[in-house]
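Enquirer: Okay, here's the structure, questions in a sec.
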Amino acid sequence: MNYKSQIALVAALAISLGVSLVSGSIDDYFLDILLNAGINIILAVSLNLVNGHTGQFSLGHAAFMGVGAYGASIVTLEMGGSLMRIFGSGAFGTGILFLIALLVGGLCAAICGWAVGVPSLRLRGDYLAIVTLGFNEIIRVVLQNTSGDGPFGGALGLKGIEQYTNFFWVFGIAAIAIYVISALVNSTYGRGFLAVRDDEIAGESMGVNTVRYKVIAFVTGAFFAGLAGGLYAHLRSTISPEGFNFLKSVDVVVMVILGGMGSTVGVIVAAIVLTVLNETLRDFEQYRMIVFSLLLIVMMIVRPQGLLPESMFQRRKKA
Amino acid sequence: MSASLQLDNVTIQFGGLRAVGDLSFRINPGELIGLIGPNGAGKTTVFNLITGVYHPTAGSIKFNDLSIPGHKPHQITRLGIARTFQNIRLFPSMSVFDNVRTAMVMHQLHGITHALTRGPAYHDEEALIEKEILDLLDIFKLRDVAHVPCKSLSYGDQRRLEIIRALATKPKLLLLDEPAAGMNPTEKEELMHLIRFIRDKFDIAVLLVEHDMKVVMGICQRIVVIEYGIKIAEGTPDEIQNNPKVIEAYLGVEAEES
């Protein structure tokens, strides 16, 4: 009973391992959409901690994803050979290599999150949105202007990244992200995040260190976005700075808003639905941003709490 | 559990405006002190000085001989000063229970690692916190509505919940900013009982800012009167009521009206 959430996590990890063993028999196109959905779940759930639970409007999630993607790819491209010599080139060796690469990517993103967050989280509301938007553009422009022969590959980006990403990695990490963020938020400790969102001044006077909570939310969100970036790079096998532009950030923000700020289940559903919609509506791609913008405006006015009914997620009531 | 607060010649200047000038007073352990003054006299500014929102331009504020200025508001709450707000500032998206639970965050021995690992120690602490909150809500007869969204409480109950939330930080000094504002006579009567009850039950000092003279005169042991940020009188309710300066600045106006 007391270990319900841990059991759920282990079960999710086991299921994703099991599915990944038989993923050869899944249709390639379908599997690709599944993996994309999983990566989007990680992105949306981690942004939800910042935008939804803590109420800080960040528009730079794609930048953290990009940092993670580049960090992880550089590890596998530059050091893959030497690491494989240590751990062997079998399934175990590549697993360790990929784990290291993902963690490096995630940590790079977390460090960036910290570096951006500490000075800018003293800002409120729109100002934070502008700073994170600016950071997003900085990352993209810096990557674009690196030398084409260097480790970052310049405007063309990196290619020939090994396709290590599979069902286990994507949904295992998604399960960990969901567990970590739910555990953080659904505890007495986690009331601090919600207090920051609801009323910072009242939170502060209740002894909540609001700056620290904001930094924790931001760094945790950036870390998981970095992991998602690493998974994305090793799924697509090519990455370029353009893939992590502002529009990608908006994609994730739309998922969070459609799912309902602060509702983990809603955000997961929204991430899946939007991934599928993006695939099925490929023919109308040029109108996507218009539809998204309209959707955002309508959602903000009509249903700021998200599409799913609120009663679905209420804490069980105690007698 | 109680402690004393000492203000010495506290001054705060906003540009050319001296909002509070040379203010000195003392709150002894377990005392119930009223702070009154006409609108704009600087009462809430005094609150904000004590709670660390503003820093005094000159003078000292000491809580148990510890200097308050320089501490952040959340650190001051941890030192044992809790407050309520003039306009109710509950956490609107949370239930009654969770509003109080937020105040327990600062008492947690285990932080983020326990929240993540969810081991036995975590569950023990969560259960302990839950019991403490429900006991506290029980005292104030809000236990039945513990899991109701706080927005759906009546105005008077929201005020009470704000006081409960402040009490959950286990303060030694409670600052109440116009708790009777917007209450009807029955609710005011209940509030007076409540404040006295809190002082006795939790053995804490209370500083009360209030416009309602009946409430202030009825429960305060000592009253400090300020006008234009300067203390013009201090004494027992009887002394204050008969002080010509106070009557001129404040009560006199009311007497003419009635």
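Residues are named by chain letter and number: chains run A, B, ... in the order of the structure tokens, numbers start at 1 in each chain, and ligands are numbered from 1 in the order shown.
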Identify every residue of chain A that has at least one atom within 6 Å of any atom of chain B, counting only C-alpha atoms, and report the result as a CSV table (one decimal) with N, CA and C atoms, in the first residue's frame.
Expert:
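Listing of iface23.csv after writing:
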```csv
chain,number,residue,atom,x,y,z
A,183,ALA,N,5.8,12.7,-7.6
A,183,ALA,CA,6.2,12.5,-6.2
A,183,ALA,C,6.6,13.8,-5.6
A,184,LEU,N,7.2,14.7,-6.4
A,184,LEU,CA,7.6,16.0,-5.9
A,184,LEU,C,6.3,16.8,-5.6
A,189,TYR,N,6.1,18.5,0.8
A,189,TYR,CA,7.1,19.3,0.3
A,189,TYR,C,6.7,20.0,-1.0
A,191,ARG,N,3.8,21.1,-1.8
A,191,ARG,CA,2.9,22.3,-1.6
A,191,ARG,C,3.6,23.6,-2.0
A,198,ASP,N,0.2,30.0,-6.7
A,198,ASP,CA,-1.1,30.6,-6.3
A,198,ASP,C,-0.9,32.0,-5.7
A,204,GLU,N,5.6,33.0,0.7
A,204,GLU,CA,6.8,33.5,1.4
A,204,GLU,C,6.5,33.7,2.9
A,205,SER,N,5.3,34.2,3.2
A,205,SER,CA,5.0,34.5,4.6
A,205,SER,C,4.6,33.2,5.3
A,206,MET,N,4.4,32.1,4.6
A,206,MET,CA,4.2,30.8,5.2
A,206,MET,C,5.5,30.1,5.4
A,207,GLY,N,6.6,30.7,5.2
A,207,GLY,CA,7.9,30.1,5.3
A,207,GLY,C,8.4,29.3,4.1
A,208,VAL,N,7.8,29.5,3.0
A,208,VAL,CA,8.2,28.8,1.8
A,208,VAL,C,9.3,29.6,1.1
A,209,ASN,N,10.4,29.0,0.8
A,209,ASN,CA,11.5,29.7,0.1
A,209,ASN,C,11.2,29.7,-1.4
```
Enquirer: Can you check which residues of stretch 102-247 of chain B DSSP gives as strand (DSSP E) on the backbone and send them as a short mmCIF file (atom, residue, chain, number, x, y, z; two decimals) with all heavy atoms, in the first residue's frame?
Expert:
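Output file result-v5.cif follows:
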```cif
data_model
loop_
_atom_site.label_atom_id
_atom_site.label_comp_id
_atom_site.auth_asym_id
_atom_site.auth_seq_id
_atom_site.Cartn_x
_atom_site.Cartn_y
_atom_site.Cartn_z
N LEU B 173 4.79 34.91 17.60
CA LEU B 173 4.11 36.20 17.49
C LEU B 173 3.24 36.14 16.25
O LEU B 173 3.68 35.75 15.18
CB LEU B 173 5.15 37.33 17.35
CG LEU B 173 4.63 38.71 16.96
CD1 LEU B 173 3.74 39.28 18.05
CD2 LEU B 173 5.79 39.65 16.69
N LEU B 174 1.97 36.51 16.43
CA LEU B 174 1.03 36.47 15.31
C LEU B 174 0.61 37.90 14.97
O LEU B 174 0.21 38.66 15.85
CB LEU B 174 -0.19 35.64 15.71
CG LEU B 174 -1.31 35.48 14.67
CD1 LEU B 174 -0.81 34.73 13.45
CD2 LEU B 174 -2.50 34.74 15.29
N LEU B 175 0.76 38.27 13.71
CA LEU B 175 0.36 39.59 13.27
C LEU B 175 -0.95 39.47 12.50
O LEU B 175 -1.01 38.74 11.51
CB LEU B 175 1.43 40.21 12.36
CG LEU B 175 2.87 40.18 12.85
CD1 LEU B 175 3.79 40.78 11.80
CD2 LEU B 175 3.03 40.93 14.15
N LEU B 176 -1.97 40.18 12.95
CA LEU B 176 -3.26 40.10 12.27
C LEU B 176 -3.55 41.46 11.63
O LEU B 176 -3.65 42.47 12.31
CB LEU B 176 -4.37 39.74 13.26
CG LEU B 176 -4.23 38.41 13.99
CD1 LEU B 176 -5.32 38.27 15.05
CD2 LEU B 176 -4.30 37.26 13.00
N ASP B 177 -3.70 41.47 10.31
CA ASP B 177 -3.92 42.73 9.60
C ASP B 177 -5.41 42.86 9.29
O ASP B 177 -5.92 42.21 8.39
CB ASP B 177 -3.10 42.74 8.30
CG ASP B 177 -2.91 44.15 7.77
OD1 ASP B 177 -3.58 45.06 8.29
OD2 ASP B 177 -2.10 44.34 6.85
N ALA B 205 2.10 35.82 21.46
CA ALA B 205 1.78 37.24 21.46
C ALA B 205 1.05 37.57 20.16
O ALA B 205 1.27 36.94 19.14
CB ALA B 205 3.06 38.06 21.57
N VAL B 206 0.16 38.56 20.24
CA VAL B 206 -0.60 38.95 19.05
C VAL B 206 -0.49 40.45 18.85
O VAL B 206 -0.63 41.23 19.79
CB VAL B 206 -2.10 38.55 19.19
CG1 VAL B 206 -2.88 39.00 17.96
CG2 VAL B 206 -2.25 37.06 19.41
N LEU B 207 -0.20 40.85 17.62
CA LEU B 207 -0.25 42.26 17.26
C LEU B 207 -1.40 42.42 16.28
O LEU B 207 -1.43 41.78 15.23
CB LEU B 207 1.06 42.73 16.62
CG LEU B 207 1.08 44.17 16.12
CD1 LEU B 207 0.89 45.15 17.25
CD2 LEU B 207 2.36 44.48 15.37
N LEU B 208 -2.35 43.28 16.66
CA LEU B 208 -3.59 43.39 15.90
C LEU B 208 -3.69 44.78 15.28
O LEU B 208 -3.65 45.78 15.99
CB LEU B 208 -4.76 43.13 16.86
CG LEU B 208 -6.17 43.29 16.34
CD1 LEU B 208 -6.52 42.17 15.41
CD2 LEU B 208 -7.14 43.31 17.53
N VAL B 209 -3.79 44.84 13.97
CA VAL B 209 -4.12 46.09 13.30
C VAL B 209 -5.60 46.04 12.99
O VAL B 209 -6.08 45.06 12.42
CB VAL B 209 -3.32 46.25 11.99
CG1 VAL B 209 -3.94 47.32 11.11
CG2 VAL B 209 -1.89 46.62 12.28
N ARG B 222 -2.90 46.47 25.48
CA ARG B 222 -2.27 47.76 25.27
C ARG B 222 -2.53 48.17 23.83
O ARG B 222 -2.65 47.32 22.95
CB ARG B 222 -0.76 47.67 25.50
CG ARG B 222 -0.31 48.41 26.73
CD ARG B 222 1.17 48.36 26.97
NE ARG B 222 1.87 47.20 26.48
CZ ARG B 222 2.91 47.30 25.63
NH1 ARG B 222 3.28 48.46 25.17
NH2 ARG B 222 3.53 46.20 25.24
N ILE B 223 -2.57 49.48 23.59
CA ILE B 223 -2.83 49.95 22.24
C ILE B 223 -1.78 51.00 21.87
O ILE B 223 -1.42 51.85 22.69
CB ILE B 223 -4.24 50.57 22.13
CG1 ILE B 223 -5.29 49.47 22.38
CG2 ILE B 223 -4.47 51.20 20.77
CD1 ILE B 223 -6.70 49.99 22.46
N VAL B 224 -1.26 50.88 20.68
CA VAL B 224 -0.33 51.87 20.14
C VAL B 224 -1.06 52.62 19.04
O VAL B 224 -1.67 52.01 18.17
CB VAL B 224 0.94 51.19 19.56
CG1 VAL B 224 1.87 52.23 18.93
CG2 VAL B 224 1.66 50.41 20.65
N VAL B 225 -1.05 53.95 19.11
CA VAL B 225 -1.75 54.75 18.10
C VAL B 225 -0.71 55.47 17.26
O VAL B 225 0.19 56.12 17.80
CB VAL B 225 -2.68 55.80 18.76
CG1 VAL B 225 -3.57 56.43 17.70
CG2 VAL B 225 -3.51 55.17 19.85
N ILE B 226 -0.82 55.34 15.94
CA ILE B 226 0.09 56.11 15.08
C ILE B 226 -0.72 56.98 14.12
O ILE B 226 -1.84 56.65 13.73
CB ILE B 226 1.07 55.20 14.28
CG1 ILE B 226 0.33 54.17 13.43
CG2 ILE B 226 2.06 54.54 15.19
CD1 ILE B 226 1.26 53.38 12.53
N GLU B 227 -0.14 58.11 13.79
CA GLU B 227 -0.74 58.99 12.80
C GLU B 227 0.40 59.55 11.96
O GLU B 227 1.41 60.00 12.51
CB GLU B 227 -1.50 60.13 13.49
CG GLU B 227 -2.32 60.92 12.51
CD GLU B 227 -2.86 62.21 13.11
OE1 GLU B 227 -2.38 62.62 14.19
OE2 GLU B 227 -3.73 62.82 12.48
N ILE B 230 3.84 58.38 12.90
CA ILE B 230 4.47 58.73 14.18
C ILE B 230 3.57 58.31 15.32
O ILE B 230 2.34 58.47 15.26
CB ILE B 230 4.75 60.26 14.23
CG1 ILE B 230 5.82 60.58 13.20
CG2 ILE B 230 5.18 60.70 15.62
CD1 ILE B 230 5.96 62.03 12.89
N LYS B 231 4.19 57.74 16.35
CA LYS B 231 3.39 57.28 17.48
C LYS B 231 2.87 58.48 18.26
O LYS B 231 3.65 59.34 18.67
CB LYS B 231 4.24 56.39 18.38
CG LYS B 231 3.46 55.80 19.53
CD LYS B 231 4.19 54.65 20.18
CE LYS B 231 5.08 55.18 21.30
NZ LYS B 231 5.74 54.10 22.03
N ILE B 232 1.56 58.57 18.44
CA ILE B 232 1.04 59.70 19.21
C ILE B 232 0.56 59.28 20.59
O ILE B 232 0.38 60.12 21.45
CB ILE B 232 -0.09 60.44 18.45
CG1 ILE B 232 -1.23 59.49 18.09
CG2 ILE B 232 0.45 61.12 17.20
CD1 ILE B 232 -2.45 60.23 17.56
N ALA B 233 0.36 57.99 20.78
CA ALA B 233 -0.07 57.56 22.11
C ALA B 233 0.16 56.08 22.28
O ALA B 233 0.27 55.34 21.32
CB ALA B 233 -1.55 57.88 22.32
N GLU B 234 0.26 55.66 23.53
CA GLU B 234 0.36 54.23 23.84
C GLU B 234 -0.20 54.04 25.24
O GLU B 234 0.07 54.82 26.14
CB GLU B 234 1.82 53.76 23.80
CG GLU B 234 1.94 52.29 24.12
CD GLU B 234 3.37 51.77 23.98
OE1 GLU B 234 4.22 52.48 23.41
OE2 GLU B 234 3.61 50.66 24.45
N GLY B 235 -1.02 53.02 25.42
CA GLY B 235 -1.55 52.79 26.76
C GLY B 235 -2.66 51.76 26.73
O GLY B 235 -2.93 51.12 25.72
#
```
Enquirer: Quick one: residues within 8 Å of stretch 109-114 of chain A, only C-alpha atoms counted, chain neighbours fewer than 4 positions away excluded, as a PyMOL selection string?
Expert: chain A and resi 64-65+67-68+105+118+215+218-223+225-226
Enquirer: Residues as selected, all heavy atoms, written as a CSV table (one decimal), in the first residue's frame, can you do that?
Expert:
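The resulting file, again08.csv, is shown below:
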```
chain,number,residue,atom,x,y,z
A,64,PHE,N,16.4,23.7,-23.9
A,64,PHE,CA,17.0,22.6,-23.0
A,64,PHE,C,17.0,21.3,-23.7
A,64,PHE,O,17.9,20.5,-23.5
A,64,PHE,CB,16.1,22.6,-21.7
A,64,PHE,CG,16.1,23.9,-20.9
A,64,PHE,CD1,15.0,24.5,-20.7
A,64,PHE,CD2,17.3,24.4,-20.6
A,64,PHE,CE1,15.0,25.7,-20.0
A,64,PHE,CE2,17.3,25.6,-19.9
A,64,PHE,CZ,16.2,26.3,-19.6
A,65,MET,N,16.0,21.1,-24.5
A,65,MET,CA,15.9,19.8,-25.3
A,65,MET,C,17.1,19.8,-26.2
A,65,MET,O,17.8,18.8,-26.4
A,65,MET,CB,14.6,19.8,-26.0
A,65,MET,CG,14.4,18.5,-26.8
A,65,MET,SD,13.0,18.8,-27.9
A,65,MET,CE,13.0,17.2,-28.8
A,67,VAL,N,20.0,21.4,-26.0
A,67,VAL,CA,21.3,21.2,-25.2
A,67,VAL,C,21.5,19.8,-24.9
A,67,VAL,O,22.5,19.2,-25.1
A,67,VAL,CB,21.3,22.1,-23.9
A,67,VAL,CG1,22.4,21.7,-23.0
A,67,VAL,CG2,21.3,23.6,-24.3
A,68,GLY,N,20.4,19.1,-24.5
A,68,GLY,CA,20.4,17.7,-24.2
A,68,GLY,C,20.7,16.9,-25.4
A,68,GLY,O,21.6,15.9,-25.4
A,105,GLY,N,23.7,14.7,-21.4
A,105,GLY,CA,22.8,15.6,-22.1
A,105,GLY,C,21.9,16.3,-21.1
A,105,GLY,O,21.7,17.5,-21.0
A,118,VAL,N,18.5,31.0,-12.2
A,118,VAL,CA,18.9,31.8,-10.9
A,118,VAL,C,18.7,33.3,-11.1
A,118,VAL,O,18.0,33.9,-10.3
A,118,VAL,CB,20.3,31.4,-10.4
A,118,VAL,CG1,20.7,32.3,-9.4
A,118,VAL,CG2,20.2,30.0,-9.9
A,215,VAL,N,13.7,27.6,-8.6
A,215,VAL,CA,15.0,27.0,-9.2
A,215,VAL,C,14.9,25.5,-9.3
A,215,VAL,O,15.3,24.9,-10.4
A,215,VAL,CB,16.2,27.5,-8.4
A,215,VAL,CG1,17.5,26.7,-8.9
A,215,VAL,CG2,16.4,29.0,-8.5
A,218,PHE,N,12.7,24.6,-12.2
A,218,PHE,CA,13.3,24.9,-13.5
A,218,PHE,C,14.4,24.0,-13.8
A,218,PHE,O,14.5,23.5,-15.0
A,218,PHE,CB,13.9,26.4,-13.4
A,218,PHE,CG,13.8,27.2,-14.6
A,218,PHE,CD1,12.6,27.5,-15.2
A,218,PHE,CD2,15.0,27.6,-15.2
A,218,PHE,CE1,12.5,28.2,-16.3
A,218,PHE,CE2,14.9,28.3,-16.4
A,218,PHE,CZ,13.7,28.7,-16.9
A,219,VAL,N,15.2,23.6,-12.9
A,219,VAL,CA,16.3,22.7,-13.1
A,219,VAL,C,15.8,21.3,-13.4
A,219,VAL,O,16.3,20.6,-14.3
A,219,VAL,CB,17.3,22.7,-11.9
A,219,VAL,CG1,18.3,21.6,-12.0
A,219,VAL,CG2,18.0,24.1,-11.8
A,220,THR,N,14.8,20.9,-12.6
A,220,THR,CA,14.3,19.5,-12.9
A,220,THR,C,13.6,19.5,-14.3
A,220,THR,O,13.8,18.5,-15.0
A,220,THR,CB,13.2,19.2,-11.8
A,220,THR,OG1,13.8,19.5,-10.5
A,220,THR,CG2,12.8,17.7,-11.9
A,221,GLY,N,12.9,20.5,-14.6
A,221,GLY,CA,12.2,20.6,-15.9
A,221,GLY,C,13.3,20.5,-17.0
A,221,GLY,O,13.1,19.8,-18.0
A,222,ALA,N,14.4,21.3,-16.9
A,222,ALA,CA,15.4,21.3,-17.9
A,222,ALA,C,16.1,20.0,-18.0
A,222,ALA,O,16.4,19.5,-19.1
A,222,ALA,CB,16.4,22.4,-17.5
A,223,PHE,N,16.3,19.3,-16.9
A,223,PHE,CA,17.0,18.0,-16.9
A,223,PHE,C,16.2,17.0,-17.7
A,223,PHE,O,16.8,16.4,-18.6
A,223,PHE,CB,17.2,17.5,-15.5
A,223,PHE,CG,17.7,16.1,-15.4
A,223,PHE,CD1,19.1,15.9,-15.6
A,223,PHE,CD2,17.0,15.0,-15.1
A,223,PHE,CE1,19.6,14.6,-15.6
A,223,PHE,CE2,17.5,13.7,-15.0
A,223,PHE,CZ,18.8,13.5,-15.3
A,225,ALA,N,13.9,17.7,-20.0
A,225,ALA,CA,13.9,18.1,-21.4
A,225,ALA,C,15.2,17.7,-22.0
A,225,ALA,O,15.2,17.3,-23.2
A,225,ALA,CB,13.7,19.6,-21.4
A,226,GLY,N,16.3,17.8,-21.3
A,226,GLY,CA,17.6,17.3,-21.9
A,226,GLY,C,17.6,15.9,-22.2
A,226,GLY,O,18.1,15.4,-23.3
```
Enquirer: Calculate how many Å separate atom CA of B:Arg26 from atom CA of B:Asp203, rounding to one decimal.
Expert: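 That distance, rounded to one decimal, is 17.2 Å.
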Enquirer: So how many Å separate atom CA of A:Phe168 and atom CA of A:Cys108, to one decimal?
Expert: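 Atom CA of A:Cys108 lies 22.7 Å from atom CA of A:Phe168.
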Enquirer: Among stretch 111-245 of chain B, which ones does DSSP assign to helix (DSSP H, G or I) (computed from the backbone)? Answer as number ranges by chain.
Expert: B: 112-117, 120-139, 143-145, 150-152, 155-168, 185-202, 213-219, 237-241, 244-245
Enquirer: Excluding stretch 58-63 of chain B and its own-chain neighbours fewer than 3 positions away, which residues fall within 10 Å of it when counting only C-alpha atoms? Please give them as a VMD selection string.
Expert: chain B and resid 3 to 13 21 to 27 49 to 50 55 66 to 69 76 79 to 81 172 to 173
Enquirer: Can you work out which one of A:Pro119, A:Gly203, A:Gly229, A:Gly134 has the shortest atom-to-atom distance to A:Asn40, counting only C-alpha atoms?
Expert: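 Using only C-alpha atoms, A:Asn40 sits closest to A:Gly229.
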Enquirer: Within 12 Å of stretch 80-94 of chain A, counting only C-alpha atoms, which residues show up once you throw out same-chain ones fewer than 6 positions away? Write them as a PyMOL selection string, please.
Expert: chain A and resi 21+72-74+100-102+161-165
Enquirer: Let's have the selection written as a PDB file, in the first residue's frame, with all heavy atoms.
Expert:
```pdb
ATOM      1  N   LEU A  21      11.330  -5.529 -26.288  1.00  0.00           N
ATOM      2  CA  LEU A  21      11.879  -6.797 -26.776  1.00  0.00           C
ATOM      3  C   LEU A  21      11.109  -7.323 -27.985  1.00  0.00           C
ATOM      4  O   LEU A  21      11.668  -8.002 -28.833  1.00  0.00           O
ATOM      5  CB  LEU A  21      11.862  -7.842 -25.649  1.00  0.00           C
ATOM      6  CG  LEU A  21      12.829  -7.548 -24.501  1.00  0.00           C
ATOM      7  CD1 LEU A  21      12.698  -8.593 -23.405  1.00  0.00           C
ATOM      8  CD2 LEU A  21      14.264  -7.457 -24.995  1.00  0.00           C
ATOM      9  N   ALA A  72      24.175  14.745 -25.641  1.00  0.00           N
ATOM     10  CA  ALA A  72      24.144  13.288 -25.747  1.00  0.00           C
ATOM     11  C   ALA A  72      24.775  12.826 -27.061  1.00  0.00           C
ATOM     12  O   ALA A  72      25.551  11.856 -27.085  1.00  0.00           O
ATOM     13  CB  ALA A  72      22.695  12.800 -25.651  1.00  0.00           C
ATOM     14  N   SER A  73      24.473  13.527 -28.160  1.00  0.00           N
ATOM     15  CA  SER A  73      25.007  13.107 -29.460  1.00  0.00           C
ATOM     16  C   SER A  73      26.524  13.225 -29.502  1.00  0.00           C
ATOM     17  O   SER A  73      27.203  12.365 -30.072  1.00  0.00           O
ATOM     18  CB  SER A  73      24.415  13.967 -30.573  1.00  0.00           C
ATOM     19  OG  SER A  73      23.031  13.979 -30.482  1.00  0.00           O
ATOM     20  N   ILE A  74      27.041  14.289 -28.910  1.00  0.00           N
ATOM     21  CA  ILE A  74      28.498  14.470 -28.931  1.00  0.00           C
ATOM     22  C   ILE A  74      29.166  13.337 -28.148  1.00  0.00           C
ATOM     23  O   ILE A  74      30.210  12.825 -28.552  1.00  0.00           O
ATOM     24  CB  ILE A  74      28.867  15.869 -28.391  1.00  0.00           C
ATOM     25  CG1 ILE A  74      28.449  16.917 -29.425  1.00  0.00           C
ATOM     26  CG2 ILE A  74      30.363  15.974 -28.099  1.00  0.00           C
ATOM     27  CD1 ILE A  74      28.507  18.330 -28.941  1.00  0.00           C
ATOM     28  N   ILE A 100      25.032   6.895 -20.324  1.00  0.00           N
ATOM     29  CA  ILE A 100      25.980   7.977 -20.023  1.00  0.00           C
ATOM     30  C   ILE A 100      25.672   9.185 -20.892  1.00  0.00           C
ATOM     31  O   ILE A 100      25.604  10.323 -20.421  1.00  0.00           O
ATOM     32  CB  ILE A 100      27.431   7.502 -20.240  1.00  0.00           C
ATOM     33  CG1 ILE A 100      27.793   6.450 -19.186  1.00  0.00           C
ATOM     34  CG2 ILE A 100      28.402   8.677 -20.163  1.00  0.00           C
ATOM     35  CD1 ILE A 100      29.135   5.781 -19.419  1.00  0.00           C
ATOM     36  N   ALA A 101      25.443   8.934 -22.196  1.00  0.00           N
ATOM     37  CA  ALA A 101      25.181  10.036 -23.122  1.00  0.00           C
ATOM     38  C   ALA A 101      23.940  10.817 -22.699  1.00  0.00           C
ATOM     39  O   ALA A 101      23.946  12.051 -22.642  1.00  0.00           O
ATOM     40  CB  ALA A 101      25.000   9.487 -24.533  1.00  0.00           C
ATOM     41  N   LEU A 102      22.866  10.084 -22.361  1.00  0.00           N
ATOM     42  CA  LEU A 102      21.628  10.756 -21.958  1.00  0.00           C
ATOM     43  C   LEU A 102      21.837  11.584 -20.699  1.00  0.00           C
ATOM     44  O   LEU A 102      21.386  12.727 -20.601  1.00  0.00           O
ATOM     45  CB  LEU A 102      20.525   9.720 -21.722  1.00  0.00           C
ATOM     46  CG  LEU A 102      19.912   9.063 -22.953  1.00  0.00           C
ATOM     47  CD1 LEU A 102      18.925   7.993 -22.538  1.00  0.00           C
ATOM     48  CD2 LEU A 102      19.222  10.105 -23.828  1.00  0.00           C
ATOM     49  N   ILE A 161      24.101   9.911 -36.150  1.00  0.00           N
ATOM     50  CA  ILE A 161      23.994   9.511 -34.747  1.00  0.00           C
ATOM     51  C   ILE A 161      23.360   8.123 -34.709  1.00  0.00           C
ATOM     52  O   ILE A 161      22.350   7.875 -35.377  1.00  0.00           O
ATOM     53  CB  ILE A 161      23.125  10.519 -33.969  1.00  0.00           C
ATOM     54  CG1 ILE A 161      23.672  11.943 -34.146  1.00  0.00           C
ATOM     55  CG2 ILE A 161      23.060  10.159 -32.501  1.00  0.00           C
ATOM     56  CD1 ILE A 161      22.697  13.024 -33.778  1.00  0.00           C
ATOM     57  N   GLU A 162      23.970   7.234 -33.928  1.00  0.00           N
ATOM     58  CA  GLU A 162      23.436   5.871 -33.837  1.00  0.00           C
ATOM     59  C   GLU A 162      22.001   5.890 -33.313  1.00  0.00           C
ATOM     60  O   GLU A 162      21.678   6.650 -32.401  1.00  0.00           O
ATOM     61  CB  GLU A 162      24.309   5.031 -32.888  1.00  0.00           C
ATOM     62  CG  GLU A 162      25.688   4.721 -33.422  1.00  0.00           C
ATOM     63  CD  GLU A 162      25.660   3.686 -34.546  1.00  0.00           C
ATOM     64  OE1 GLU A 162      24.656   2.948 -34.632  1.00  0.00           O
ATOM     65  OE2 GLU A 162      26.638   3.615 -35.313  1.00  0.00           O
ATOM     66  N   GLN A 163      21.153   5.012 -33.866  1.00  0.00           N
ATOM     67  CA  GLN A 163      19.752   4.987 -33.423  1.00  0.00           C
ATOM     68  C   GLN A 163      19.586   4.051 -32.231  1.00  0.00           C
ATOM     69  O   GLN A 163      19.055   2.955 -32.359  1.00  0.00           O
ATOM     70  CB  GLN A 163      18.849   4.572 -34.578  1.00  0.00           C
ATOM     71  CG  GLN A 163      18.734   5.690 -35.614  1.00  0.00           C
ATOM     72  CD  GLN A 163      17.776   5.348 -36.705  1.00  0.00           C
ATOM     73  OE1 GLN A 163      17.962   4.345 -37.376  1.00  0.00           O
ATOM     74  NE2 GLN A 163      16.762   6.169 -36.887  1.00  0.00           N
ATOM     75  N   TYR A 164      20.050   4.543 -31.079  1.00  0.00           N
ATOM     76  CA  TYR A 164      19.958   3.727 -29.866  1.00  0.00           C
ATOM     77  C   TYR A 164      18.570   3.785 -29.239  1.00  0.00           C
ATOM     78  O   TYR A 164      18.196   2.922 -28.456  1.00  0.00           O
ATOM     79  CB  TYR A 164      20.963   4.225 -28.823  1.00  0.00           C
ATOM     80  CG  TYR A 164      22.406   3.969 -29.192  1.00  0.00           C
ATOM     81  CD1 TYR A 164      23.360   4.969 -29.038  1.00  0.00           C
ATOM     82  CD2 TYR A 164      22.808   2.723 -29.670  1.00  0.00           C
ATOM     83  CE1 TYR A 164      24.676   4.749 -29.358  1.00  0.00           C
ATOM     84  CE2 TYR A 164      24.129   2.496 -29.997  1.00  0.00           C
ATOM     85  CZ  TYR A 164      25.066   3.513 -29.840  1.00  0.00           C
ATOM     86  OH  TYR A 164      26.353   3.285 -30.152  1.00  0.00           O
ATOM     87  N   THR A 165      17.826   4.845 -29.550  1.00  0.00           N
ATOM     88  CA  THR A 165      16.534   5.038 -28.881  1.00  0.00           C
ATOM     89  C   THR A 165      15.576   3.913 -29.241  1.00  0.00           C
ATOM     90  O   THR A 165      15.384   3.615 -30.412  1.00  0.00           O
ATOM     91  CB  THR A 165      15.934   6.391 -29.289  1.00  0.00           C
ATOM     92  OG1 THR A 165      16.845   7.420 -28.899  1.00  0.00           O
ATOM     93  CG2 THR A 165      14.598   6.627 -28.626  1.00  0.00           C
TER      94      THR A 165
END
```
Enquirer: Skipping near chain neighbours, those fewer than 6 positions away, what residues fall within 12 Å of A:Leu247 using only C-alpha atoms, listed as a ChimeraX atom specification?
Expert: /A:59-63,133,136-137,140,253-254,288-290,292-293
Enquirer: When you look at stretch 236-249 of chain B with a cut-off of 12 Å (counting only C-alpha atoms), what residues show up, excluding the ones that are within fewer than 3 positions of it in the same chain? I need them as a ChimeraX atom specification.
Expert: /B:32-39,41,213-228,230-233,252-256
Enquirer: What does the distance between atom CA of A:Thr146 and atom CA of A:Ser249 come to in Å, to one decimal place?
Expert: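 Separation between atom CA of A:Thr146 and atom CA of A:Ser249: 22.0 Å.
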Enquirer: Looking at only C-alpha atoms, which of B:Asp135, B:Gly156, B:Ala19, B:Arg196 is the one that sits closest to B:Lys43?
Expert: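 When distances to B:Lys43 are compared using only C-alpha atoms, the smallest one comes from B:Ala19.
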